[in-house]
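Structure record follows, encoded as structure tokens.
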Amino acid sequence: QVQLVESGGGLVQAGGSLRLSCAASGGTFSNYDVGWFRQAPGKEREFVIAIKWNNGRTYYADSVKGRFTISGDNAKNMVTLQMNSLKPEDTAVYYCTARKSYSSTVYSTVAGAYDYWGQGTQVTVSS
């Protein structure tokens with residue numbers, strides 16, 4: 001059973017940067033899609049970004065394109081979310097997630113399609 005542990009997050013001013021990390025224990029990310037969702041108060045959990053571990057393909061929500069990047073570290077079995085040019089609307093709890101990869105190209109933006117979740121980490125962007 002893969003367990004995900006997030007780190008990073010915090011409070012930053014608009015225009016600033018933050019980095020979130022997600023480490024896997026009890027398994028590796030090999031053959032997994034690994035990504036991040038976020039949930040703001042009163043809103044549904046929404047897809048942010050994902051990476052296919054085996055081929056490095058990345059997928060972004062339109063709202064974060066050009067500002068967020070995701071990368072994987074095989075040696076550390078860790079994924080990193082780099083968030084730049086943060087906006088107040090990026091404020092949310094960010095969740096690391098993973099699911100078995102069923103295709104080299106197809107990915108999912110639906111939370112219910114993912115099997116493993118971290119505990120979440122708060123990101124707050126002040127205006």
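So you can find residues: chains in the structure tokens are A, B, ... in the order shown, residues in each start at 1, and ligands are numbered from 1 in order.
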For this session: For stretch 68-84 of chain A, please output as a list in words all residues within 6 Å (counting only C-alpha atoms; exclusion window: fewer than 2 positions along the same chain).
Result: Ser17, Leu18, Arg19, Leu20, Ser21, Cys22, Ala23, Val64 and Leu86 of chain A
Exercise. Which neighbours of stretch 89-95 of chain A fall inside 10 Å, counting only C-alpha atoms, when residues of the same chain fewer than 6 positions from it are skipped, and could you give them as a PyMOL selection string?
Worked result: chain A and resi 4-6+9-12+14+20+22+35-41+43+45-48+63-64+83+117-127
For this session: May I have all residues of stretch 33-98 of chain A that DSSP, computed from the backbone, assigns to strand (DSSP E), given as a PyMOL selection string?
Result: chain A and resi 33-39+46-52+58-60+68-73+78-83+92-98
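Distances here use only C-alpha atoms; by that measure, the residue among A:Gln13, A:Ser85, A:Ser7, A:Thr97 closest to A:Thr109 is A:Thr97.
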For this session: Would you mind reading off the distance between atom CA of A:Ser103 and atom CA of A:Glu44, one decimal, in Å?
Result: 26.3 Å
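Among A:Cys96, A:Val106, A:Ala24, A:Ala113, the residue with the shortest atom-to-atom distance to A:Lys52, counting only C-alpha atoms, is A:Val106.
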Apply DSSP to the backbone of this structure and, from chain A, keep only the residues in helix (DSSP H, G or I); write these as a CSV table (one decimal) with N, CA, C and O atoms, in the first residue's frame.
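Result saved to result_10.csv:
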chain,number,residue,atom,x,y,z
A,62,ASP,N,-5.7,24.5,-16.8
A,62,ASP,CA,-5.5,25.8,-17.5
A,62,ASP,C,-5.1,26.9,-16.6
A,62,ASP,O,-4.4,27.8,-16.9
A,63,SER,N,-5.7,26.8,-15.4
A,63,SER,CA,-5.5,27.9,-14.4
A,63,SER,C,-4.1,28.0,-13.9
A,63,SER,O,-3.7,29.0,-13.3
A,64,VAL,N,-3.3,27.0,-14.1
A,64,VAL,CA,-1.9,27.0,-13.5
A,64,VAL,C,-0.8,26.9,-14.6
A,64,VAL,O,0.4,26.9,-14.3
A,88,PRO,N,-4.0,35.0,-5.2
A,88,PRO,CA,-4.9,34.7,-4.0
A,88,PRO,C,-5.9,33.5,-4.3
A,88,PRO,O,-6.2,32.7,-3.4
A,89,GLU,N,-6.3,33.4,-5.6
A,89,GLU,CA,-7.2,32.3,-5.9
A,89,GLU,C,-6.5,30.9,-5.9
A,89,GLU,O,-7.2,29.9,-6.1
A,90,ASP,N,-5.2,30.9,-5.7
A,90,ASP,CA,-4.5,29.6,-5.6
A,90,ASP,C,-4.6,29.1,-4.1
A,90,ASP,O,-4.2,28.0,-3.8
A,111,ALA,N,-11.1,13.3,-9.3
A,111,ALA,CA,-10.5,12.9,-8.0
A,111,ALA,C,-10.8,11.4,-7.7
A,111,ALA,O,-10.0,10.7,-7.2
A,112,GLY,N,-12.0,11.0,-8.1
A,112,GLY,CA,-12.4,9.6,-7.8
A,112,GLY,C,-11.6,8.6,-8.5
A,112,GLY,O,-11.7,7.4,-8.2
A,113,ALA,N,-10.8,9.0,-9.5
A,113,ALA,CA,-10.0,8.0,-10.3
A,113,ALA,C,-8.7,7.7,-9.6
A,113,ALA,O,-8.0,6.8,-10.0
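Each of A:Gly26, A:Gly56, A:Gly66, A:Gly16 was checked against A:Gln1 using only C-alpha atoms; the smallest atom-to-atom distance is that of A:Gly26.
Coordinates place atom CA of A:Ala98 at a distance of 6.1 Å from atom CA of A:Asp115.
A straight line drawn from atom CA of A:Asn55 to atom CA of A:Val34 is 11.9 Å long.
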For this session: Tell me which of A:Arg57, A:Lys87, A:Arg99, A:Arg67 sits closest to A:Tyr116, counting only C-alpha atoms.
Result: A:Arg99
